[in-house]
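Shown below: model_10.txt, with compact mmCIF, C-alpha atoms.
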# COMPACT_ATOMS: atom_id res chain seq x y z
CA MET Y 1 3.38 1.04 15.72
CA LEU Y 2 3.96 2.68 12.35
CA ASP Y 3 6.68 3.68 9.95
CA HIS Y 4 4.84 6.90 9.01
CA SER Y 5 1.28 8.19 8.98
CA LEU Y 6 -1.01 11.01 7.97
CA PRO Y 7 -0.54 13.85 7.15
CA MET Y 8 1.95 12.11 4.83
CA HIS Y 9 0.18 10.56 1.83
CA SER Y 10 1.09 7.07 0.62
CA GLY Y 11 -0.55 3.70 0.17
CA TYR Y 12 0.86 2.86 3.62
CA THR Y 13 -0.86 5.82 5.32
CA PHE Y 14 -4.16 5.26 3.51
CA ARG Y 15 -4.26 1.62 4.63
CA THR Y 16 -3.47 2.77 8.17
CA ARG Y 17 -6.24 5.35 8.08
CA ALA Y 18 -8.74 2.75 6.89
CA ILE Y 19 -7.74 0.28 9.63
CA LEU Y 20 -7.90 2.85 12.43
CA ARG Y 21 -11.21 4.31 11.26
CA ALA Y 22 -12.82 0.90 11.00
CA GLN Y 23 -11.53 -0.11 14.44
CA MET Y 24 -12.77 3.12 16.02
CA ALA Y 25 -16.17 2.59 14.38
CA LYS Y 26 -16.37 -0.67 16.36
CA GLY Y 27 -15.81 1.28 19.59
CA TRP Y 28 -12.17 0.32 20.06
CA GLU Y 29 -9.72 2.87 21.44
CA VAL Y 30 -6.79 3.16 19.06
CA ARG Y 31 -3.65 5.28 18.91
CA GLY Y 32 -0.74 5.23 16.49
CA ILE Y 33 2.93 5.97 17.12
CA THR Y 34 5.45 6.63 14.36
CA GLY Y 35 9.23 6.35 14.22
CA HIS Y 36 11.86 8.70 12.88
CA ARG Y 37 10.96 7.93 9.25
CA HIS Y 38 7.77 9.94 9.61
CA ARG Y 39 8.48 13.07 7.61
CA VAL Y 40 6.72 15.88 5.78
CA SER Y 41 8.42 17.65 2.86
CA GLY Y 42 11.57 15.62 3.52
CA HIS Y 43 12.01 16.76 7.12
CA THR Y 44 11.17 15.12 10.42
CA ILE Y 45 8.27 17.01 11.98
CA PRO Y 46 9.69 19.02 14.90
CA GLY Y 47 8.01 19.71 18.20
CA ARG Y 48 4.66 17.95 17.79
CA LEU Y 49 4.84 14.75 19.80
CA GLU Y 50 1.05 14.27 19.68
CA GLU Y 51 -1.39 15.33 17.01
CA THR Y 52 -4.81 14.47 15.68
CA VAL Y 53 -5.06 14.15 11.91
CA ASP Y 54 -8.34 13.36 10.14
CA GLY Y 55 -9.83 12.35 13.50
CA LEU Y 56 -6.98 9.90 14.26
CA HIS Y 57 -4.64 10.29 17.26
CA PHE Y 58 -0.91 9.90 16.61
CA HIS Y 59 2.16 10.05 18.86
CA ARG Y 60 5.64 10.75 17.46
CA THR Y 61 9.10 9.51 18.35
CA PRO Y 62 11.04 12.62 19.40
CA GLY Y 63 14.33 13.68 17.85
CA ASP Y 64 15.87 13.25 14.42
CA PRO Y 65 17.18 10.13 12.67
CA ALA Y 66 20.64 9.16 13.86
CA ALA Y 67 23.62 9.93 11.62
CA GLY Y 68 26.56 7.77 10.64
CA ASN Y 69 26.87 4.12 9.64
CA PRO Y 70 23.52 2.85 8.27
CA LEU Y 71 23.40 -0.22 10.53
CA LEU Y 72 24.27 1.77 13.64
CA ARG Y 73 21.78 4.44 12.61
CA GLU Y 74 18.97 1.93 12.30
CA TRP Y 75 19.73 0.40 15.71
CA ARG Y 76 19.75 3.86 17.28
CA ASP Y 77 16.43 4.65 15.61
CA ILE Y 78 15.01 1.36 16.92
CA SER Y 79 16.12 2.32 20.42
CA ALA Y 80 14.56 5.79 20.15
CA HIS Y 81 11.31 4.31 18.82
CA ALA Y 82 11.26 1.72 21.62
CA ASP Y 83 11.73 4.48 24.21
CA ALA Y 84 8.78 6.41 22.75
CA ILE Y 85 6.63 3.27 22.73
CA GLU Y 86 7.62 2.58 26.33
CA ALA Y 87 6.54 6.06 27.38
CA LEU Y 88 3.19 5.70 25.60
CA VAL Y 89 2.57 2.26 27.12
CA ARG Y 90 3.22 3.57 30.63
CA GLN Y 91 0.91 6.52 30.01
CA TRP Y 92 -1.93 4.85 28.12
CA ARG Y 93 -1.79 1.16 29.18
CA PRO Y 94 -2.88 -0.53 25.94
CA ASP Y 95 -4.23 -4.08 25.89
CA ILE Y 96 -2.65 -5.01 22.54
CA ILE Y 97 0.32 -3.74 20.55
CA HIS Y 98 -0.13 -3.92 16.78
CA ALA Y 99 3.18 -3.34 14.98
CA HIS Y 100 3.25 -2.72 11.24
CA SER Y 101 6.17 -3.31 8.90
CA PRO Y 102 8.99 -2.61 8.30
CA VAL Y 103 10.68 -5.04 10.64
CA LEU Y 104 12.42 -2.26 12.59
CA ASN Y 105 9.02 -1.37 14.07
CA ALA Y 106 8.47 -4.96 15.14
CA ILE Y 107 11.85 -5.11 16.86
CA ALA Y 108 11.19 -1.88 18.77
CA ALA Y 109 7.66 -2.95 19.72
CA GLN Y 110 8.70 -6.44 20.86
CA LYS Y 111 11.13 -5.01 23.42
CA VAL Y 112 8.28 -3.13 25.09
CA ALA Y 113 5.65 -5.83 24.69
CA LYS Y 114 7.86 -8.41 26.39
CA ARG Y 115 8.71 -6.07 29.27
CA HIS Y 116 5.04 -5.33 29.99
CA ASN Y 117 3.61 -8.74 29.01
CA ILE Y 118 1.38 -7.19 26.35
CA PRO Y 119 0.38 -9.42 23.41
CA LEU Y 120 1.79 -8.28 20.07
CA ILE Y 121 0.61 -8.81 16.52
CA TYR Y 122 3.05 -8.01 13.72
CA GLU Y 123 1.56 -6.99 10.38
CA ILE Y 124 3.65 -7.29 7.22
CA ARG Y 125 2.62 -5.19 4.22
CA ALA Y 126 5.74 -6.10 2.23
CA PHE Y 127 9.07 -7.68 3.04
CA TRP Y 128 11.44 -4.79 3.64
CA GLU Y 129 14.30 -6.45 1.76
CA ASP Y 130 12.17 -6.93 -1.35
CA ALA Y 131 10.76 -3.41 -1.12
CA ALA Y 132 14.34 -2.09 -1.12
CA VAL Y 133 15.08 -4.04 -4.31
CA GLY Y 134 11.88 -2.74 -5.91
CA ASN Y 135 12.73 0.85 -4.96
CA GLY Y 136 16.27 0.55 -6.30
CA THR Y 137 17.90 0.96 -2.88
CA GLY Y 138 18.89 -2.69 -2.38
CA THR Y 139 20.15 -5.76 -4.22
CA GLU Y 140 18.68 -9.24 -3.95
CA GLY Y 141 21.18 -11.65 -2.40
CA SER Y 142 23.36 -8.92 -0.87
CA PRO Y 143 24.54 -9.21 2.78
CA ARG Y 144 22.04 -6.51 3.77
CA TYR Y 145 19.24 -8.36 1.98
CA TRP Y 146 20.15 -11.60 3.80
CA LEU Y 147 20.38 -9.88 7.21
CA THR Y 148 17.02 -8.14 6.78
CA ARG Y 149 15.40 -11.43 5.80
CA GLN Y 150 16.79 -13.09 8.94
CA LEU Y 151 15.49 -10.24 11.11
CA GLU Y 152 12.05 -10.57 9.50
CA THR Y 153 11.89 -14.30 10.20
CA HIS Y 154 13.01 -13.74 13.80
CA ALA Y 155 10.39 -11.02 14.33
CA VAL Y 156 7.63 -13.26 12.97
CA ARG Y 157 8.63 -16.14 15.25
CA ALA Y 158 8.67 -13.82 18.29
CA ALA Y 159 5.23 -12.27 17.62
CA ASP Y 160 2.11 -13.67 19.24
CA ALA Y 161 0.29 -13.43 15.92
CA VAL Y 162 1.10 -12.31 12.39
CA ALA Y 163 -1.01 -10.54 9.78
CA VAL Y 164 -0.11 -10.22 6.10
CA ILE Y 165 -1.91 -8.39 3.31
CA CYS Y 166 -2.04 -11.25 0.81
CA GLU Y 167 -1.59 -14.97 0.21
CA GLY Y 168 1.79 -14.42 -1.46
CA LEU Y 169 3.34 -13.16 1.78
CA ARG Y 170 1.61 -15.85 3.79
CA GLY Y 171 2.96 -18.60 1.52
CA ASP Y 172 6.50 -17.23 1.79
CA LEU Y 173 6.36 -17.26 5.61
CA VAL Y 174 4.97 -20.79 5.69
CA ALA Y 175 7.84 -21.87 3.41
CA ARG Y 176 10.23 -20.46 6.05
CA GLY Y 177 8.72 -22.82 8.62
CA ILE Y 178 6.26 -20.43 10.29
CA ASP Y 179 3.12 -22.14 11.59
CA ALA Y 180 0.30 -21.33 9.16
CA ALA Y 181 -2.18 -21.19 12.05
CA LYS Y 182 -0.30 -18.18 13.43
CA ILE Y 183 -0.89 -16.11 10.28
CA ILE Y 184 -4.01 -14.28 9.16
CA VAL Y 185 -4.52 -12.53 5.84
CA SER Y 186 -5.89 -9.00 6.16
CA PRO Y 187 -6.05 -7.92 2.53
CA ASN Y 188 -5.88 -4.42 1.15
CA GLY Y 189 -9.29 -2.85 0.96
CA VAL Y 190 -11.21 0.31 0.16
CA ASP Y 191 -13.19 2.55 2.48
CA MET Y 192 -16.39 2.44 0.42
CA ASP Y 193 -17.99 5.19 2.50
CA GLN Y 194 -15.21 7.56 1.45
CA PHE Y 195 -14.13 6.23 -1.93
CA GLY Y 196 -17.02 4.17 -3.23
CA THR Y 197 -19.20 6.85 -4.81
CA PRO Y 198 -17.76 7.81 -8.21
CA VAL Y 199 -18.06 11.45 -9.22
CA PRO Y 200 -19.17 12.43 -12.74
CA ARG Y 201 -16.55 13.51 -15.25
CA ASP Y 202 -15.82 17.23 -15.01
CA PRO Y 203 -15.93 18.67 -18.56
CA ALA Y 204 -13.78 21.63 -17.55
CA LEU Y 205 -11.05 19.31 -16.25
CA THR Y 206 -11.38 17.18 -19.40
CA ALA Y 207 -10.78 20.27 -21.52
CA LYS Y 208 -7.90 21.45 -19.34
CA LEU Y 209 -6.18 18.08 -19.74
CA GLY Y 210 -6.85 17.94 -23.48
CA LEU Y 211 -8.83 14.70 -23.25
CA GLU Y 212 -12.00 15.58 -25.16
CA GLY Y 213 -13.07 12.62 -27.32
CA ALA Y 214 -10.01 10.58 -26.28
CA ASP Y 215 -9.67 6.92 -25.39
CA VAL Y 216 -8.01 7.53 -22.02
CA VAL Y 217 -5.58 5.11 -20.39
CA GLY Y 218 -4.53 6.23 -16.93
CA PHE Y 219 -2.20 5.50 -14.05
CA ILE Y 220 -2.71 7.15 -10.67
CA GLY Y 221 -0.09 6.41 -8.04
CA SER Y 222 3.62 6.54 -7.22
CA PHE Y 223 6.23 6.45 -9.97
CA TYR Y 224 8.54 3.65 -8.83
CA ASP Y 225 10.56 1.53 -11.24
CA TYR Y 226 8.67 -1.66 -10.37
CA GLU Y 227 5.38 -0.06 -11.50
CA GLY Y 228 6.52 -0.54 -15.11
CA LEU Y 229 5.43 2.87 -16.36
CA ASP Y 230 8.33 2.90 -18.82
CA ASP Y 231 6.72 -0.16 -20.43
CA LEU Y 232 3.39 1.66 -20.57
CA ILE Y 233 4.97 4.63 -22.35
CA ALA Y 234 6.81 2.25 -24.67
CA ALA Y 235 3.48 0.59 -25.52
CA LEU Y 236 1.87 3.87 -26.58
CA PRO Y 237 3.04 4.01 -30.24
CA LYS Y 238 1.51 0.63 -31.02
CA LEU Y 239 -1.67 1.54 -29.12
CA VAL Y 240 -2.06 4.88 -30.95
CA ARG Y 241 -1.61 3.21 -34.32
CA ALA Y 242 -4.52 0.91 -33.39
CA ARG Y 243 -6.52 3.59 -31.56
CA PRO Y 244 -5.54 7.04 -32.92
CA ARG Y 245 -7.53 8.82 -30.20
CA ALA Y 246 -5.69 7.04 -27.36
CA LYS Y 247 -4.08 9.22 -24.70
CA LEU Y 248 -2.12 8.35 -21.58
CA LEU Y 249 -2.85 10.23 -18.34
CA LEU Y 250 -0.20 9.92 -15.60
CA VAL Y 251 -1.15 11.28 -12.18
CA GLY Y 252 1.34 11.22 -9.32
CA GLY Y 253 5.08 11.42 -8.84
CA GLY Y 254 8.07 9.66 -7.39
CA PRO Y 255 11.67 8.61 -8.02
CA ARG Y 256 11.12 7.74 -11.70
CA GLU Y 257 9.20 10.88 -12.64
CA GLN Y 258 11.96 12.76 -14.46
CA ALA Y 259 13.12 9.66 -16.33
CA LEU Y 260 9.55 9.00 -17.43
CA ARG Y 261 9.09 12.60 -18.56
CA ASP Y 262 12.31 12.33 -20.58
CA GLN Y 263 11.14 9.07 -22.14
CA ALA Y 264 7.78 10.61 -23.01
CA MET Y 265 9.41 13.65 -24.64
CA ALA Y 266 11.44 11.32 -26.86
CA SER Y 267 8.35 9.34 -27.91
CA PRO Y 268 6.97 9.94 -31.42
CA PHE Y 269 3.60 10.32 -29.71
CA ALA Y 270 4.64 12.69 -26.92
CA ASP Y 271 1.52 14.79 -27.54
CA HIS Y 272 -0.58 11.79 -26.48
CA ILE Y 273 0.96 11.71 -22.97
CA VAL Y 274 -0.29 13.98 -20.19
CA PHE Y 275 1.62 14.35 -16.91
CA VAL Y 276 -0.44 15.90 -14.11
CA GLY Y 277 1.93 15.62 -11.16
CA ARG Y 278 0.73 14.98 -7.63
CA VAL Y 279 -2.80 16.02 -6.71
CA PRO Y 280 -4.49 16.37 -3.28
CA HIS Y 281 -6.03 13.10 -2.15
CA ASP Y 282 -9.49 14.65 -1.97
CA GLN Y 283 -9.20 15.51 -5.68
CA VAL Y 284 -8.04 12.09 -6.90
CA GLU Y 285 -11.54 10.85 -7.67
CA HIS Y 286 -11.95 13.63 -10.25
CA TYR Y 287 -8.97 12.22 -12.15
CA TYR Y 288 -10.31 8.67 -11.93
CA ALA Y 289 -13.44 10.03 -13.61
CA GLN Y 290 -11.33 11.15 -16.61
CA VAL Y 291 -10.01 7.63 -17.28
CA ASP Y 292 -11.56 4.81 -19.29
CA ILE Y 293 -9.02 2.11 -18.40
CA LEU Y 294 -6.60 2.17 -15.45
CA ALA Y 295 -3.38 0.36 -16.38
CA TYR Y 296 -1.01 -1.30 -13.90
CA PRO Y 297 1.99 -2.72 -15.83
CA ARG Y 298 4.03 -3.87 -12.81
CA LYS Y 299 7.30 -5.60 -13.63
CA ALA Y 300 7.87 -9.24 -12.65
CA MET Y 301 9.96 -9.53 -9.46
CA ARG Y 302 9.61 -10.94 -5.94
CA LEU Y 303 7.98 -7.77 -4.65
CA THR Y 304 5.23 -7.67 -7.26
CA ASP Y 305 4.68 -11.43 -7.22
CA LEU Y 306 4.23 -11.52 -3.43
CA VAL Y 307 2.45 -8.23 -2.68
CA THR Y 308 -1.00 -7.04 -3.74
CA PRO Y 309 -1.33 -3.32 -4.55
CA LEU Y 310 -4.11 -1.01 -3.36
CA LYS Y 311 -4.65 1.09 -6.48
CA PRO Y 312 -6.50 -1.47 -8.64
CA LEU Y 313 -9.05 -1.85 -5.84
CA GLU Y 314 -9.59 1.91 -5.72
CA ALA Y 315 -10.11 1.91 -9.49
CA MET Y 316 -12.68 -0.88 -9.24
CA ALA Y 317 -14.48 0.96 -6.45
CA GLN Y 318 -14.59 4.03 -8.69
CA GLY Y 319 -16.25 2.04 -11.46
CA ARG Y 320 -13.20 2.08 -13.73
CA LEU Y 321 -11.97 -0.75 -15.94
CA VAL Y 322 -8.59 -2.21 -14.99
CA ALA Y 323 -5.84 -3.84 -17.05
CA ALA Y 324 -2.75 -5.17 -15.31
CA SER Y 325 0.32 -7.32 -15.75
CA SER Y 326 -0.13 -10.93 -14.72
CA VAL Y 327 2.25 -10.82 -11.74
CA GLY Y 328 1.21 -12.73 -8.63
CA GLY Y 329 -0.01 -9.70 -6.70
CA HIS Y 330 -2.39 -8.74 -9.50
CA ARG Y 331 -3.67 -12.28 -9.99
CA GLU Y 332 -4.90 -12.26 -6.38
CA LEU Y 333 -7.06 -9.21 -7.14
CA ILE Y 334 -8.11 -9.52 -10.77
CA GLU Y 335 -9.88 -12.38 -12.51
CA HIS Y 336 -8.98 -12.17 -16.18
CA GLY Y 337 -11.98 -11.54 -18.38
CA VAL Y 338 -14.29 -11.13 -15.37
CA THR Y 339 -13.16 -8.22 -13.17
CA GLY Y 340 -10.31 -7.03 -15.38
CA SER Y 341 -7.78 -7.91 -18.07
CA LEU Y 342 -4.30 -9.35 -17.52
CA PHE Y 343 -1.32 -9.11 -19.88
CA ALA Y 344 2.25 -10.42 -19.83
CA PRO Y 345 4.63 -8.35 -17.66
CA ASP Y 346 7.66 -6.55 -19.10
CA ASP Y 347 6.08 -6.65 -22.57
CA PRO Y 348 5.02 -3.31 -24.15
CA PRO Y 349 3.45 -4.96 -27.25
CA ALA Y 350 1.31 -7.14 -24.96
CA ILE Y 351 0.18 -4.01 -23.07
CA ALA Y 352 -0.78 -2.26 -26.30
CA ALA Y 353 -2.65 -5.30 -27.62
CA ALA Y 354 -4.63 -5.77 -24.40
CA LEU Y 355 -5.64 -2.09 -24.23
CA ALA Y 356 -6.54 -1.92 -27.92
CA GLU Y 357 -8.70 -5.03 -27.57
CA MET Y 358 -10.57 -3.49 -24.65
CA PHE Y 359 -11.22 -0.24 -26.51
CA ALA Y 360 -12.36 -2.16 -29.61
CA ASP Y 361 -15.24 -3.84 -27.76
CA ARG Y 362 -17.15 -1.64 -25.33
CA GLY Y 363 -20.07 -4.05 -25.14
CA PHE Y 364 -18.73 -5.76 -21.98
CA TRP Y 365 -17.70 -2.60 -20.15
CA ASP Y 366 -20.78 -2.05 -17.99
CA ASP Y 367 -20.96 -5.69 -16.85
CA ARG Y 368 -17.26 -5.79 -16.02
CA ARG Y 369 -17.39 -2.57 -14.06
CA ALA Y 370 -20.35 -3.89 -12.07
CA LEU Y 371 -18.64 -7.22 -11.33
CA ALA Y 372 -15.41 -5.52 -10.27
CA ARG Y 373 -17.18 -3.10 -7.97
CA ALA Y 374 -19.24 -5.93 -6.45
CA PHE Y 375 -15.99 -7.83 -5.75
CA VAL Y 376 -14.58 -4.84 -3.85
CA GLU Y 377 -17.81 -4.33 -1.89
CA ARG Y 378 -18.01 -8.02 -1.00
CA GLU Y 379 -14.37 -8.98 -0.34
CA ARG Y 380 -12.23 -5.84 -0.15
CA ASN Y 381 -14.34 -3.42 1.88
CA TRP Y 382 -12.64 -2.21 5.04
CA SER Y 383 -15.85 -2.24 7.04
CA SER Y 384 -15.85 -6.05 6.69
CA ASN Y 385 -12.08 -6.64 6.36
CA ILE Y 386 -11.52 -5.28 9.85
CA LEU Y 387 -13.48 -8.20 11.31
CA ARG Y 388 -10.50 -10.43 10.52
CA TYR Y 389 -8.55 -8.83 13.38
CA ASP Y 390 -11.26 -9.32 16.01
CA PRO Y 391 -10.87 -13.06 16.73
CA VAL Y 392 -7.07 -12.77 16.73
CA TYR Y 393 -7.14 -9.88 19.20
CA ARG Y 394 -9.50 -11.85 21.45
CA GLN Y 395 -7.34 -14.97 21.34
CA MET Y 396 -4.22 -12.97 22.24
CA LEU Y 397 -6.01 -11.25 25.12
CA ALA Y 398 -7.29 -14.57 26.45
CA ARG Y 399 -3.79 -16.09 26.35
CA SER Y 400 -2.34 -13.04 28.07
CA GLN Y 401 -4.93 -13.20 30.83
CA ARG Y 402 -4.20 -16.90 31.41
CA VAL Y 403 -0.47 -16.16 31.68
CA ARG Y 404 -1.06 -13.36 34.17
CA ALA Y 405 -3.43 -15.51 36.22
CA ALA Y 406 -0.86 -18.33 36.34
CA ALA Y 407 1.83 -15.90 37.47
Represent the structure contained in this file as structure tokens.
Amino acid sequence: MLDHSLPMHSGYTFRTRAILRAQMAKGWEVRGITGHRHRVSGHTIPGRLEETVDGLHFHRTPGDPAAGNPLLREWRDISAHADAIEALVRQWRPDIIHAHSPVLNAIAAQKVAKRHNIPLIYEIRAFWEDAAVGNGTGTEGSPRYWLTRQLETHAVRAADAVAVICEGLRGDLVARGIDAAKIIVSPNGVDMDQFGTPVPRDPALTAKLGLEGADVVGFIGSFYDYEGLDDLIAALPKLVRARPRAKLLLVGGGPREQALRDQAMASPFADHIVFVGRVPHDQVEHYYAQVDILAYPRKAMRLTDLVTPLKPLEAMAQGRLVAASSVGGHRELIEHGVTGSLFAPDDPPAIAAALAEMFADRGFWDDRRALARAFVERERNWSSNILRYDPVYRQMLARSQRVRAAA
């Protein structure tokens, strides 16, 4: 049960694709169903209530998002999603329902799971209330924030099992009084079969981007405020004074794109900043190949302290060096001085100093790249990560069978 899926591109859809592919590779039958927030080019996809994308089978909730008061709209969307799930359950008869955040999906799925006595696992990729704060659409401590947090806690208590993507989320739930034994950690990972073979640098693309002979710092991802890209641009003058050949490559887009472009134009080193825009996912690896150091200057807030991102893992799998702010989510992924470098968050001079230090000593680069890639292969590879679900699924099925037998 999903918020959105392929053909939309986001970290959410790429994690979903990796999970479904790995489960299908084990011989499991898997289908996804999305709610009204599944959109392409800003519009709900009309007409197609079933489709196969990249070999994965998806069902859609029919209709458009409800209009009017936001709270009433969300409850109407929950009802529509629950009706679509109900229809799929009656048609397909699944053994397990696996609902993914946000919490609205869990609420819709739980209605159906309870009615049909199907075990349900609820997977949290981020707390919706904190994601809203990080995206600039919510305020911490507001009535809406409080209500969403209460709904999240209720949904977790009602689920048969809970999965989270990192220890930060797990610790927060345990602090709310949730039984730790009910929670598994299914961390973000990389499909090494698809993304684990780095491509060589394309000289023609290097020339097109104006990166010949440059020390290239890059960011590839979505341009949200919490990513701290304004701090990265602010760090550039100090970095260029230390490393005159330094250039910043920004690949992607998002809500902060225009503000970042304006900030870059006002920089005394605007000619050292290259904006690429969004690129097709199958071309992303060619841009990774252009970068010496991938930088992730996330700002310090609840969202970034609790949630681990996917992009640093992709960079490690691609054999790139990583430098990141020392927020909690990054500390779960990166061991300072071993698999990457950490710097203080919200601190442009600290960013510049860390990057300059890395460029000044290339003697450790090969060893660090190898250690980082080995970490991803060993602990963040989806082919092995998926095994974490197996015992939980089996336990839920066994409990469900006992309940049915007793009835």
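The nearest approach to Met192 (chain Y) among the residues Y:Gly32, Y:Leu6, Y:Ala353, Y:Ala317, with all atoms listed in the file taken into account, belongs to Y:Ala317.
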**Residues within 10 Å of region 226-240 of chain Y, only C-alpha atoms, excluding chain neighbours under 3 positions, as a ChimeraX atom specification** = /Y:131,133-136,215,217-219,221-223,243-248,250,256-257,259-261,263-264,267-270,272-273,295-301,303-304,325,345-357
**Request:** Would you mind telling me which residue in Y:Thr206, Y:Ser383, Y:Asn188, Y:Thr153 lies nearest to Lys311 (chain Y) when using all atoms listed in the file?
**Result:**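 Under the stated criterion, the closest residue is Y:Asn188.
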Would you mind listing what lies within 12 Å of Gly189 (chain Y) as a JSON list (two decimals) with C-alpha atoms, keeping the file's coordinate frame, with all atoms listed in the file counted and same-chain residues fewer than 6 positions away left out?
[["chain", "number", "residue", "atom", "x", "y", "z"],
["Y", 11, "GLY", "CA", -0.55, 3.70, 0.17],
["Y", 12, "TYR", "CA", 0.86, 2.86, 3.62],
["Y", 14, "PHE", "CA", -4.16, 5.26, 3.51],
["Y", 15, "ARG", "CA", -4.26, 1.62, 4.63],
["Y", 16, "THR", "CA", -3.47, 2.77, 8.17],
["Y", 17, "ARG", "CA", -6.24, 5.35, 8.08],
["Y", 18, "ALA", "CA", -8.74, 2.75, 6.89],
["Y", 19, "ILE", "CA", -7.74, 0.28, 9.63],
["Y", 22, "ALA", "CA", -12.82, 0.90, 11.00],
["Y", 165, "ILE", "CA", -1.91, -8.39, 3.31],
["Y", 166, "CYS", "CA", -2.04, -11.25, 0.81],
["Y", 195, "PHE", "CA", -14.13, 6.23, -1.93],
["Y", 196, "GLY", "CA", -17.02, 4.17, -3.23],
["Y", 308, "THR", "CA", -1.00, -7.04, -3.74],
["Y", 309, "PRO", "CA", -1.33, -3.32, -4.55],
["Y", 310, "LEU", "CA", -4.11, -1.01, -3.36],
["Y", 311, "LYS", "CA", -4.65, 1.09, -6.48],
["Y", 312, "PRO", "CA", -6.50, -1.47, -8.64],
["Y", 313, "LEU", "CA", -9.05, -1.85, -5.84],
["Y", 314, "GLU", "CA", -9.59, 1.91, -5.72],
["Y", 315, "ALA", "CA", -10.11, 1.91, -9.49],
["Y", 316, "MET", "CA", -12.68, -0.88, -9.24],
["Y", 317, "ALA", "CA", -14.48, 0.96, -6.45],
["Y", 333, "LEU", "CA", -7.06, -9.21, -7.14],
["Y", 373, "ARG", "CA", -17.18, -3.10, -7.97],
["Y", 375, "PHE", "CA", -15.99, -7.83, -5.75],
["Y", 376, "VAL", "CA", -14.58, -4.84, -3.85],
["Y", 377, "GLU", "CA", -17.81, -4.33, -1.89],
["Y", 378, "ARG", "CA", -18.01, -8.02, -1.00],
["Y", 379, "GLU", "CA", -14.37, -8.98, -0.34],
["Y", 380, "ARG", "CA", -12.23, -5.84, -0.15],
["Y", 381, "ASN", "CA", -14.34, -3.42, 1.88],
["Y", 382, "TRP", "CA", -12.64, -2.21, 5.04],
["Y", 383, "SER", "CA", -15.85, -2.24, 7.04],
["Y", 384, "SER", "CA", -15.85, -6.05, 6.69],
["Y", 385, "ASN", "CA", -12.08, -6.64, 6.36],
["Y", 386, "ILE", "CA", -11.52, -5.28, 9.85]]
**Asked** Which distance in Å separates CA of Asp305 (chain Y) and CA of Ala126 (chain Y), to one decimal?
**Response** 10.9 Å
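Reported to one decimal place, the separation of CA of Val322 (chain Y) from CA of His286 (chain Y) is 16.9 Å.
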**Item:** Point (5.2, 10.1, 18.5), cut-off 8 Å, counting only C-alpha atoms, residues as an MDAnalysis selection string
**Value:** chainID Y and resid 32:35 48:50 58:62 84
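Of the listed residues Y:Asp390, Y:Asp202, Y:Asp64, Y:Glu167, the one whose atoms come nearest to Glu285 (chain Y) is Y:Asp202, with distances taken using all atoms listed in the file.
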**Asked** Which polymer residues have any atom within 6 Å of an atom of region 339-344 of chain Y, counting only C-alpha atoms, with same-chain residues fewer than 3 positions away left out, as a list in words?
**Response** Val322, Ala323, Ala324, Ser325, Ser326, Ile334, Glu335, His336, Arg368, Leu371 and Ala372 of chain Y
Can I get the selected residues back with C-alpha atoms, as a PDB file, in the coordinates of the input?
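In the end it all went to again09.pdb:
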ATOM      1  CA  VAL Y 322      -8.590  -2.210 -14.990  1.00  0.00           C
ATOM      2  CA  ALA Y 323      -5.840  -3.840 -17.050  1.00  0.00           C
ATOM      3  CA  ALA Y 324      -2.750  -5.170 -15.310  1.00  0.00           C
ATOM      4  CA  SER Y 325       0.320  -7.320 -15.750  1.00  0.00           C
ATOM      5  CA  SER Y 326      -0.130 -10.930 -14.720  1.00  0.00           C
ATOM      6  CA  ILE Y 334      -8.110  -9.520 -10.770  1.00  0.00           C
ATOM      7  CA  GLU Y 335      -9.880 -12.380 -12.510  1.00  0.00           C
ATOM      8  CA  HIS Y 336      -8.980 -12.170 -16.180  1.00  0.00           C
ATOM      9  CA  ARG Y 368     -17.260  -5.790 -16.020  1.00  0.00           C
ATOM     10  CA  LEU Y 371     -18.640  -7.220 -11.330  1.00  0.00           C
ATOM     11  CA  ALA Y 372     -15.410  -5.520 -10.270  1.00  0.00           C
TER      12      ALA Y 372
END
